[in-house]
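For reference, upload_26.pdb (PDB, C-alpha atoms and all ligand atoms):
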```pdb
ATOM      1  CA  MET A1072     127.385 115.578 164.889
ATOM      2  CA  SER A1073     128.343 118.388 167.227
ATOM      3  CA  THR A1074     127.724 118.102 170.947
ATOM      4  CA  ARG A1075     125.561 121.219 171.168
ATOM      5  CA  SER A1076     122.024 120.589 172.413
ATOM      6  CA  TRP A1077     119.863 120.898 169.331
ATOM      7  CA  GLU A1078     116.535 121.501 170.942
ATOM      8  CA  ILE A1079     113.689 122.805 168.805
ATOM      9  CA  GLU A1080     111.803 125.563 170.545
ATOM     10  CA  VAL A1081     108.609 127.199 169.363
ATOM     11  CA  ARG A1082     107.224 130.085 171.428
ATOM     12  CA  GLY A1083     104.158 132.226 170.730
ATOM     13  CA  LEU A1084     104.449 131.310 167.071
ATOM     14  CA  THR A1085     101.787 132.906 164.895
ATOM     15  CA  LYS A1086     101.317 133.137 161.147
ATOM     16  CA  THR A1087      98.457 134.720 159.295
ATOM     17  CA  PHE A1088      98.084 134.608 155.519
ATOM     18  CA  GLY A1089      95.665 137.467 154.773
ATOM     19  CA  THR A1090      92.612 136.500 156.760
ATOM     20  CA  VAL A1091      93.726 132.885 157.312
ATOM     21  CA  GLU A1092      95.166 132.208 160.753
ATOM     22  CA  ALA A1093      97.390 129.272 159.853
ATOM     23  CA  VAL A1094      99.214 129.111 163.229
ATOM     24  CA  THR A1095      98.219 130.912 166.427
ATOM     25  CA  ASP A1096     100.319 131.402 169.547
ATOM     26  CA  LEU A1097     101.882 127.959 169.222
ATOM     27  CA  GLY A1098     104.421 126.777 171.773
ATOM     28  CA  PHE A1099     106.257 123.477 172.177
ATOM     29  CA  THR A1100     109.716 121.998 172.671
ATOM     30  CA  VAL A1101     111.288 119.025 170.912
ATOM     31  CA  THR A1102     114.144 117.450 172.840
ATOM     32  CA  PRO A1103     117.162 115.717 171.318
ATOM     33  CA  GLY A1104     117.228 111.945 171.463
ATOM     34  CA  THR A1105     113.527 111.546 170.849
ATOM     35  CA  VAL A1106     111.185 111.116 167.945
ATOM     36  CA  THR A1107     108.427 113.662 168.408
ATOM     37  CA  ALA A1108     105.244 113.364 166.398
ATOM     38  CA  PHE A1109     103.701 116.587 165.166
ATOM     39  CA  LEU A1110     100.077 115.654 164.778
ATOM     40  CA  GLY A1111      97.076 117.433 163.404
ATOM     41  CA  PRO A1112      94.366 117.062 160.805
ATOM     42  CA  ASN A1113      94.861 118.354 157.261
ATOM     43  CA  GLY A1114      95.246 122.114 157.179
ATOM     44  CA  SER A1115      95.998 122.428 160.902
ATOM     45  CA  GLY A1116      99.270 124.315 160.374
ATOM     46  CA  LYS A1117     101.956 121.613 160.544
ATOM     47  CA  THR A1118     103.688 122.468 157.281
ATOM     48  CA  THR A1119     103.510 126.190 157.986
ATOM     49  CA  THR A1120     105.167 125.613 161.372
ATOM     50  CA  MET A1121     107.922 123.520 159.813
ATOM     51  CA  ARG A1122     108.441 126.145 157.128
ATOM     52  CA  MET A1123     108.828 128.762 159.864
ATOM     53  CA  LEU A1124     111.415 126.558 161.604
ATOM     54  CA  LEU A1125     113.333 126.486 158.337
ATOM     55  CA  GLY A1126     113.071 130.223 157.754
ATOM     56  CA  LEU A1127     110.980 129.678 154.598
ATOM     57  CA  VAL A1128     108.004 131.541 156.055
ATOM     58  CA  THR A1129     108.394 134.607 158.268
ATOM     59  CA  PRO A1130     106.322 134.419 161.458
ATOM     60  CA  THR A1131     103.747 137.126 162.062
ATOM     61  CA  ALA A1132     104.714 136.852 165.752
ATOM     62  CA  GLY A1133     106.703 134.618 168.067
ATOM     63  CA  ARG A1134     109.793 132.584 167.346
ATOM     64  CA  ALA A1135     110.919 129.187 166.164
ATOM     65  CA  THR A1136     114.501 128.258 167.038
ATOM     66  CA  ILE A1137     116.863 125.326 166.683
ATOM     67  CA  GLY A1138     119.587 125.096 169.305
ATOM     68  CA  GLY A1139     118.479 128.558 170.452
ATOM     69  CA  LEU A1140     119.015 130.140 167.031
ATOM     70  CA  ARG A1141     116.770 131.014 164.144
ATOM     71  CA  TYR A1142     117.536 128.867 161.101
ATOM     72  CA  ALA A1143     119.114 131.785 159.243
ATOM     73  CA  LYS A1144     121.522 132.333 162.149
ATOM     74  CA  LEU A1145     122.744 128.739 162.316
ATOM     75  CA  PRO A1146     126.455 128.511 161.529
ATOM     76  CA  ARG A1147     125.992 125.587 159.113
ATOM     77  CA  PRO A1148     122.261 125.281 158.511
ATOM     78  CA  ALA A1149     122.409 122.543 155.847
ATOM     79  CA  ALA A1150     124.629 120.397 158.073
ATOM     80  CA  THR A1151     122.463 121.066 161.113
ATOM     81  CA  VAL A1152     118.935 120.507 159.884
ATOM     82  CA  GLY A1153     117.915 117.786 157.450
ATOM     83  CA  ALA A1154     114.443 118.499 156.177
ATOM     84  CA  VAL A1155     111.974 116.780 153.917
ATOM     85  CA  LEU A1156     109.091 119.137 153.291
ATOM     86  CA  ASP A1157     108.300 119.207 149.648
ATOM     87  CA  THR A1158     108.491 115.809 148.049
ATOM     88  CA  SER A1159     108.774 116.958 144.472
ATOM     89  CA  GLY A1160     112.071 118.360 143.313
ATOM     90  CA  PHE A1161     114.025 115.544 141.697
ATOM     91  CA  HIS A1162     115.472 116.134 138.252
ATOM     92  CA  PRO A1163     113.627 113.426 136.291
ATOM     93  CA  ASP A1164     116.667 112.390 134.231
ATOM     94  CA  HIS A1165     119.025 112.112 137.184
ATOM     95  CA  THR A1166     119.599 108.758 138.729
ATOM     96  CA  ALA A1167     119.110 108.464 142.482
ATOM     97  CA  ARG A1168     122.910 108.448 142.841
ATOM     98  CA  ASP A1169     123.323 111.546 140.597
ATOM     99  CA  HIS A1170     120.725 113.363 142.657
ATOM    100  CA  LEU A1171     122.621 112.713 145.875
ATOM    101  CA  GLY A1172     125.905 113.647 144.236
ATOM    102  CA  VAL A1173     124.498 117.036 143.178
ATOM    103  CA  TYR A1174     123.143 117.709 146.658
ATOM    104  CA  ALA A1175     126.381 116.620 148.314
ATOM    105  CA  ARG A1176     128.283 119.153 146.166
ATOM    106  CA  LEU A1177     125.708 121.895 146.782
ATOM    107  CA  GLY A1178     125.874 121.316 150.526
ATOM    108  CA  GLY A1179     129.662 121.070 150.584
ATOM    109  CA  PHE A1180     129.542 117.518 151.985
ATOM    110  CA  ALA A1181     132.167 114.826 151.372
ATOM    111  CA  SER A1182     131.307 112.782 148.273
ATOM    112  CA  SER A1183     131.795 109.644 150.387
ATOM    113  CA  ARG A1184     128.548 110.596 152.148
ATOM    114  CA  VAL A1185     126.601 109.658 149.013
ATOM    115  CA  ARG A1186     127.455 105.976 149.392
ATOM    116  CA  GLU A1187     126.932 106.116 153.157
ATOM    117  CA  VAL A1188     123.441 107.612 152.997
ATOM    118  CA  MET A1189     122.425 105.307 150.144
ATOM    119  CA  ASP A1190     123.373 102.310 152.257
ATOM    120  CA  LEU A1191     121.714 103.765 155.362
ATOM    121  CA  THR A1192     118.374 104.477 153.716
ATOM    122  CA  GLY A1193     118.180 101.515 151.358
ATOM    123  CA  VAL A1194     118.659 103.556 148.179
ATOM    124  CA  THR A1195     121.585 101.395 146.997
ATOM    125  CA  PRO A1196     119.432  98.739 145.251
ATOM    126  CA  PHE A1197     117.985 101.406 142.906
ATOM    127  CA  GLU A1198     120.829 103.922 142.875
ATOM    128  CA  GLY A1199     121.170 103.732 139.062
ATOM    129  CA  ARG A1200     117.495 104.233 138.322
ATOM    130  CA  ARG A1201     116.273 107.576 136.977
ATOM    131  CA  THR A1202     114.237 109.492 139.515
ATOM    132  CA  ARG A1203     111.226 109.701 137.175
ATOM    133  CA  ALA A1204     110.987 105.908 137.393
ATOM    134  CA  LEU A1205     111.055 105.678 141.188
ATOM    135  CA  SER A1206     108.109 104.388 143.211
ATOM    136  CA  THR A1207     106.663 106.421 146.072
ATOM    137  CA  GLY A1208     108.558 104.347 148.613
ATOM    138  CA  MET A1209     111.829 104.784 146.712
ATOM    139  CA  ARG A1210     111.237 108.537 146.497
ATOM    140  CA  ARG A1211     110.681 108.677 150.255
ATOM    141  CA  ARG A1212     113.962 106.881 150.861
ATOM    142  CA  LEU A1213     115.795 109.155 148.438
ATOM    143  CA  HIS A1214     114.407 112.249 150.171
ATOM    144  CA  LEU A1215     115.534 110.888 153.525
ATOM    145  CA  ALA A1216     118.943 110.098 152.083
ATOM    146  CA  THR A1217     119.175 113.690 150.799
ATOM    147  CA  ALA A1218     118.229 115.068 154.216
ATOM    148  CA  LEU A1219     120.931 112.943 155.863
ATOM    149  CA  LEU A1220     123.808 113.963 153.599
ATOM    150  CA  GLY A1221     125.105 116.508 156.114
ATOM    151  CA  ASP A1222     124.768 114.040 159.028
ATOM    152  CA  PRO A1223     122.436 116.589 160.674
ATOM    153  CA  PRO A1224     121.609 116.478 164.378
ATOM    154  CA  VAL A1225     118.086 117.732 163.621
ATOM    155  CA  LEU A1226     115.541 116.200 161.258
ATOM    156  CA  LEU A1227     112.270 117.818 160.205
ATOM    157  CA  LEU A1228     110.122 115.466 158.201
ATOM    158  CA  ASP A1229     106.719 116.461 156.871
ATOM    159  CA  GLU A1230     104.450 113.432 156.487
ATOM    160  CA  PRO A1231     107.304 111.001 155.718
ATOM    161  CA  GLY A1232     104.940 108.046 155.859
ATOM    162  CA  ASN A1233     102.584 109.361 153.177
ATOM    163  CA  GLY A1234     102.092 106.780 150.460
ATOM    164  CA  LEU A1235     104.239 104.104 152.121
ATOM    165  CA  ASP A1236     103.006 100.529 152.361
ATOM    166  CA  PRO A1237     102.985  98.792 155.782
ATOM    167  CA  GLU A1238     106.467  97.397 155.205
ATOM    168  CA  GLY A1239     107.737 100.879 154.312
ATOM    169  CA  ILE A1240     106.127 102.343 157.434
ATOM    170  CA  ALA A1241     107.711  99.644 159.602
ATOM    171  CA  TRP A1242     111.095 100.396 158.076
ATOM    172  CA  LEU A1243     110.620 104.141 158.582
ATOM    173  CA  ARG A1244     109.668 103.662 162.230
ATOM    174  CA  ALA A1245     112.752 101.618 163.007
ATOM    175  CA  PHE A1246     114.962 103.965 161.024
ATOM    176  CA  LEU A1247     113.780 107.139 162.734
ATOM    177  CA  ARG A1248     113.999 105.554 166.147
ATOM    178  CA  ARG A1249     117.573 104.648 165.439
ATOM    179  CA  LEU A1250     118.365 108.216 164.360
ATOM    180  CA  ALA A1251     116.834 109.521 167.591
ATOM    181  CA  ALA A1252     118.741 106.944 169.644
ATOM    182  CA  GLU A1253     121.922 108.443 168.190
ATOM    183  CA  GLY A1254     120.947 111.676 169.944
ATOM    184  CA  ARG A1255     119.263 113.478 167.065
ATOM    185  CA  THR A1256     116.210 115.680 167.400
ATOM    186  CA  VAL A1257     113.540 114.223 165.143
ATOM    187  CA  LEU A1258     110.237 115.972 164.434
ATOM    188  CA  VAL A1259     107.837 114.035 162.223
ATOM    189  CA  SER A1260     104.496 115.418 161.128
ATOM    190  CA  SER A1261     101.508 113.273 160.328
ATOM    191  CA  HIS A1262      97.746 113.460 160.136
ATOM    192  CA  VAL A1263      97.524 109.693 160.673
ATOM    193  CA  LEU A1264      98.268 108.823 164.227
ATOM    194  CA  SER A1265      98.669 105.081 163.741
ATOM    195  CA  GLU A1266     101.581 105.853 161.438
ATOM    196  CA  VAL A1267     103.659 107.470 164.179
ATOM    197  CA  GLU A1268     102.155 105.761 167.213
ATOM    198  CA  GLN A1269     104.898 103.189 167.552
ATOM    199  CA  MET A1270     107.826 105.403 166.665
ATOM    200  CA  ALA A1271     107.286 108.565 168.691
ATOM    201  CA  GLU A1272     107.839 108.964 172.417
ATOM    202  CA  HIS A1273     106.440 112.472 172.429
ATOM    203  CA  ALA A1274     103.673 114.177 170.560
ATOM    204  CA  VAL A1275     102.622 117.713 169.822
ATOM    205  CA  VAL A1276      98.984 117.801 168.748
ATOM    206  CA  ILE A1277      97.536 120.841 166.992
ATOM    207  CA  ARG A1278      94.141 121.762 165.645
ATOM    208  CA  GLY A1279      93.266 124.901 163.731
ATOM    209  CA  GLY A1280      96.822 126.175 164.210
ATOM    210  CA  ARG A1281      96.608 125.958 168.001
ATOM    211  CA  LEU A1282      98.190 123.546 170.453
ATOM    212  CA  VAL A1283      95.743 121.042 171.925
ATOM    213  CA  ALA A1284      98.134 118.680 173.687
ATOM    214  CA  THR A1285     101.820 118.021 174.140
ATOM    215  CA  GLY A1286     103.666 115.410 176.155
ATOM    216  CA  PRO A1287     104.605 111.744 176.214
ATOM    217  CA  VAL A1288     102.538 109.705 173.760
ATOM    218  CA  ALA A1289     101.538 107.387 176.611
ATOM    219  CA  ASP A1290      99.819 110.329 178.340
ATOM    220  CA  LEU A1291      97.647 111.034 175.322
ATOM    221  CA  TYR A1292      95.783 107.796 175.695
ATOM    222  CA  GLY A1293      92.411 108.267 177.291
ATOM    223  CA  GLU A1294      91.284 106.514 180.443
ATOM    224  CA  ALA A1295      91.260 102.703 180.312
ATOM    225  CA  ALA A1296      87.996 100.855 180.883
ATOM    226  CA  VAL A1297      86.779  97.300 181.430
ATOM    227  CA  ARG A1298      83.838  95.763 179.588
ATOM    228  CA  VAL A1299      81.829  93.372 181.736
ATOM    229  CA  ARG A1300      78.885  91.115 180.849
ATOM    230  CA  SER A1301      76.844  89.690 183.682
ATOM    231  CA  PRO A1302      73.239  88.488 184.050
ATOM    232  CA  ARG A1303      73.243  90.541 187.265
ATOM    233  CA  ALA A1304      74.604  93.793 185.863
ATOM    234  CA  GLY A1305      72.356  95.946 188.086
ATOM    235  CA  PRO A1306      73.497  94.440 191.402
ATOM    236  CA  LEU A1307      77.112  94.491 190.174
ATOM    237  CA  THR A1308      76.835  98.220 189.486
ATOM    238  CA  ALA A1309      75.444  98.786 192.964
ATOM    239  CA  VAL A1310      78.232  96.739 194.585
ATOM    240  CA  LEU A1311      81.000  98.562 192.707
ATOM    241  CA  LEU A1312      79.600 102.023 193.382
ATOM    242  CA  ALA A1313      79.188 101.225 197.070
ATOM    243  CA  ALA A1314      82.657  99.677 197.414
ATOM    244  CA  HIS A1315      84.515 102.502 195.599
ATOM    245  CA  PRO A1316      82.554 105.694 196.169
ATOM    246  CA  GLY A1317      83.611 108.469 193.787
ATOM    247  CA  ALA A1318      86.260 106.322 192.102
ATOM    248  CA  VAL A1319      84.115 104.341 189.683
ATOM    249  CA  ARG A1320      81.989 105.305 186.700
ATOM    250  CA  VAL A1321      79.686 102.739 185.118
ATOM    251  CA  GLU A1322      78.188 102.977 181.634
ATOM    252  CA  ASP A1323      75.228 100.770 180.754
ATOM    253  CA  LEU A1324      75.918  99.497 177.257
ATOM    254  CA  GLU A1325      73.200  96.838 177.119
ATOM    255  CA  PRO A1326      70.956  95.341 179.803
ATOM    256  CA  ASP A1327      73.637  92.766 180.655
ATOM    257  CA  THR A1328      76.745  94.701 179.583
ATOM    258  CA  LEU A1329      78.630  97.455 181.392
ATOM    259  CA  ARG A1330      81.704  99.526 180.687
ATOM    260  CA  ILE A1331      83.434 100.292 183.966
ATOM    261  CA  HIS A1332      85.902 103.117 184.400
ATOM    262  CA  GLY A1333      88.254 103.513 187.344
ATOM    263  CA  LEU A1334      88.839  99.849 188.279
ATOM    264  CA  THR A1335      91.015  97.061 186.942
ATOM    265  CA  ALA A1336      89.560  93.826 185.595
ATOM    266  CA  ALA A1337      91.058  91.986 188.576
ATOM    267  CA  GLY A1338      89.447  94.412 191.034
ATOM    268  CA  ILE A1339      86.028  94.045 189.411
ATOM    269  CA  ALA A1340      86.308  90.245 189.346
ATOM    270  CA  ALA A1341      87.230  90.195 193.056
ATOM    271  CA  ASP A1342      84.244  92.391 194.018
ATOM    272  CA  ALA A1343      81.902  90.276 191.871
ATOM    273  CA  ALA A1344      83.190  87.034 193.406
ATOM    274  CA  ALA A1345      82.868  88.420 196.930
ATOM    275  CA  HIS A1346      79.169  89.053 196.272
ATOM    276  CA  GLY A1347      78.497  85.867 194.322
ATOM    277  CA  ILE A1348      77.794  87.761 191.103
ATOM    278  CA  PRO A1349      78.532  85.674 187.991
ATOM    279  CA  LEU A1350      80.505  87.255 185.161
ATOM    280  CA  HIS A1351      80.146  85.977 181.587
ATOM    281  CA  GLU A1352      82.778  88.240 180.107
ATOM    282  CA  ILE A1353      85.387  90.632 181.460
ATOM    283  CA  THR A1354      87.581  92.434 178.926
ATOM    284  CA  PRO A1355      90.017  95.286 179.570
ATOM    285  CA  GLU A1356      89.571  97.911 176.848
ATOM    286  CA  ARG A1357      92.703  99.847 176.105
ATOM    287  CA  PRO A1358      91.713 103.115 174.504
ATOM    288  CA  THR A1359      93.461 103.554 171.210
ATOM    289  CA  LEU A1360      95.643 106.525 170.621
ATOM    290  CA  GLU A1361      93.739 107.035 167.376
ATOM    291  CA  HIS A1362      90.609 107.601 169.401
ATOM    292  CA  ALA A1363      92.393 109.992 171.736
ATOM    293  CA  PHE A1364      93.726 111.844 168.708
ATOM    294  CA  LEU A1365      90.296 112.133 167.110
ATOM    295  CA  HIS A1366      88.928 113.333 170.412
ATOM    296  CA  LEU A1367      91.702 115.897 170.907
ATOM    297  CA  THR A1368      91.393 117.187 167.376
ATOM    298  CA  GLY A1369      87.607 117.419 167.566
ATOM    299  CA  HIS A1370      87.005 114.830 164.879
ATOM    300  CA  ASP A1371      84.930 112.436 166.935
ATOM    301  CA  GLN A1372      81.574 114.171 166.942
ATOM    302  CA  GLY A1373      78.874 111.563 166.950
ATOM    303  CA  ASP A1374      81.329 108.967 168.193
ATOM    304  CA  THR A1375      80.485 107.951 171.743
ATOM    305  CA  ARG A1376      83.893 106.516 172.494
TER     306      ARG A1376
HETATM  307  N1  LIG B1401     101.092 130.406 151.407
HETATM  308  C1  LIG B1401      99.861 130.352 151.919
HETATM  309  N2  LIG B1401      98.937 131.281 151.615
HETATM  310  C2  LIG B1401      97.697 131.245 152.135
HETATM  311  N3  LIG B1401      97.268 130.293 153.000
HETATM  312  C3  LIG B1401      98.142 129.335 153.337
HETATM  313  C4  LIG B1401      99.486 129.300 152.814
HETATM  314  N4  LIG B1401     100.121 128.232 153.348
HETATM  315  C5  LIG B1401      99.221 127.614 154.152
HETATM  316  N5  LIG B1401      98.040 128.273 154.137
HETATM  317  C6  LIG B1401      96.839 127.920 154.922
HETATM  318  O1  LIG B1401      97.240 127.735 156.268
HETATM  319  C7  LIG B1401      96.517 126.654 156.867
HETATM  320  C8  LIG B1401      97.493 125.630 157.418
HETATM  321  O2  LIG B1401      98.124 124.952 156.322
HETATM  322  P1  LIG B1401      99.306 123.910 156.489
HETATM  323  O3  LIG B1401      99.729 123.481 155.126
HETATM  324  O4  LIG B1401     100.341 124.478 157.373
HETATM  325  O5  LIG B1401      98.586 122.715 157.238
HETATM  326  P2  LIG B1401      99.034 121.203 157.437
HETATM  327  O6  LIG B1401      98.687 120.872 158.845
HETATM  328  O7  LIG B1401     100.443 121.030 157.008
HETATM  329  O8  LIG B1401      98.075 120.433 156.463
HETATM  330  P3  LIG B1401      98.263 119.022 155.648
HETATM  331  O9  LIG B1401      98.206 117.912 156.637
HETATM  332  O10 LIG B1401      97.049 119.063 154.752
HETATM  333  O11 LIG B1401      99.554 119.133 154.904
HETATM  334  C9  LIG B1401      95.573 126.133 155.795
HETATM  335  O12 LIG B1401      94.321 126.776 155.955
HETATM  336  C10 LIG B1401      96.239 126.586 154.512
HETATM  337  O13 LIG B1401      95.296 126.753 153.474
END
```
Let's see the structure in the file written out as structure tokens.
Ligand SMILES: Nc1ncnc2c1ncn2[C@@H]1O[C@H](COP(=O)(O)OP(=O)(O)OP(=O)(O)O)[C@@H](O)[C@H]1O
Amino acid sequence: MSTRSWEIEVRGLTKTFGTVEAVTDLGFTVTPGTVTAFLGPNGSGKTTTMRMLLGLVTPTAGRATIGGLRYAKLPRPAATVGAVLDTSGFHPDHTARDHLGVYARLGGFASSRVREVMDLTGVTPFEGRRTRALSTGMRRRLHLATALLGDPPVLLLDEPGNGLDPEGIAWLRAFLRRLAAEGRTVLVSSHVLSEVEQMAEHAVVIRGGRLVATGPVADLYGEAAVRVRSPRAGPLTAVLLAAHPGAVRVEDLEPDTLRIHGLTAAGIAADAAAHGIPLHEITPERPTLEHAFLHLTGHDQGDTR
């Protein structure tokens, strides 16, 4: 890999197909050394954005650059950006090894890379199998292996977890994290947050082609809350509101059950003890990122939390 900083930069990016606004005024940055999740529901514009980054779709407005350059201007595009966008495209009669050999020649990469990427991605155990006979998981690995042939500093992967079983997802997570730890810029799209939750440090969330959030994954979580059950829920509410004016919000879930926002479980327990209020249950509720995602992408209507 070269030492250049291979940052992905998207600014004011817009694409309309006839009357369809696929992407509108989108802006985000993906920094090297991180896995960044590109999240959005189906049809939100993820693939179109990735295609614009690869110069496969011409933007209506704005720009999408890699290391400050448009894809077409990169000195060695195939050795700079490894992409998995379209997961068809294997010759059915080629073996996995043949497929990589063809792509290594096409890309002008050393033939020794074929063995290296097969070992890296776990293709070796089925290298002699014809591609038509590969399982979904094997196909995913072979696509990744193909993308890595040029040892690229940038990886663009469109829904790489699609169709993988939990073991495959766990492998993918660890693998992509390792690639990022080597200093690569890794952008991974998904419409299923739980798939990327444990692998990505950063997220770019879009809806309807527009940015709705970007930043560290940890910041996308909603506010934490504590669920408390007490036979004296009313007096407890009064005590907490009086002791922490403006800082606490209390939801009445049931006559004896509250959800308290703005305080820790320990803080609530201390206030309750100080006023002799018995607690029958006190449970910190960590909001799930899935919930935050559904909220951000407007898919939680009717859901109260
Ligand atoms: N070539 C095209 N011609 C017309 N409309 C298109 C074209 N490509 C994409 N679109 C439309 O642009 C919108 C965004 O599609 P895109 O495939 O980028 O979304 P996505 O987030 O990748 O979705 P998914 O998660 O389903 O793959 C959709 O409304 C889609 O129908």
(message) Could you tell me how far CA of Val1101 in chain A sits from CA of Trp1077 in chain A, in Å to one decimal place?
(response) 8.9 Å
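Using all atoms listed in the file for every distance, the candidate list A:Val1257, A:Leu1291, A:Val1094, A:Ala1150 yields A:Val1094 as the residue closest to ligand LIG 1401 (chain B).
With all atoms listed in the file as the basis for measurement, A:Arg1281 is the residue among A:Arg1281, A:Arg1210, A:Arg1184, A:Arg1176 that approaches ligand LIG 1401 (chain B) most closely.
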(message) Counting all atoms listed in the file, what are the residues, protein, DNA or RNA alike, that approach ligand LIG 1401 (chain B) to within 10 Å? I want them as a VMD selection string.
(response) chain A and resid 1086 to 1094 1109 to 1123 1128 1156 1229 to 1230 1260 to 1263 1277 to 1280
(message) For Gly1172 in chain A, find every residue with an atom within 10 Å (counting all atoms listed in the file), except residues of its own chain fewer than 6 positions away, and show them as a PyMOL selection string.
(response) chain A and resi 1165-1166+1178+1180-1186+1217+1220
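The result of the PyMOL selection byres (((chain A and resi 1080-1084) around 7) and not hetatm) on the shown file is Glu1078, Ile1079, Thr1085, Lys1086, Val1094, Thr1095, Asp1096, Leu1097, Gly1098, Phe1099, Thr1100, Val1101, Pro1130, Ala1132, Gly1133, Arg1134, Ala1135, Thr1136 and Ile1137 of chain A.
Checking A:Arg1249, A:His1351, A:His1162, A:Arg1244 one by one against Glu1266 in chain A, counting only C-alpha atoms, you find the shortest gap at A:Arg1244.
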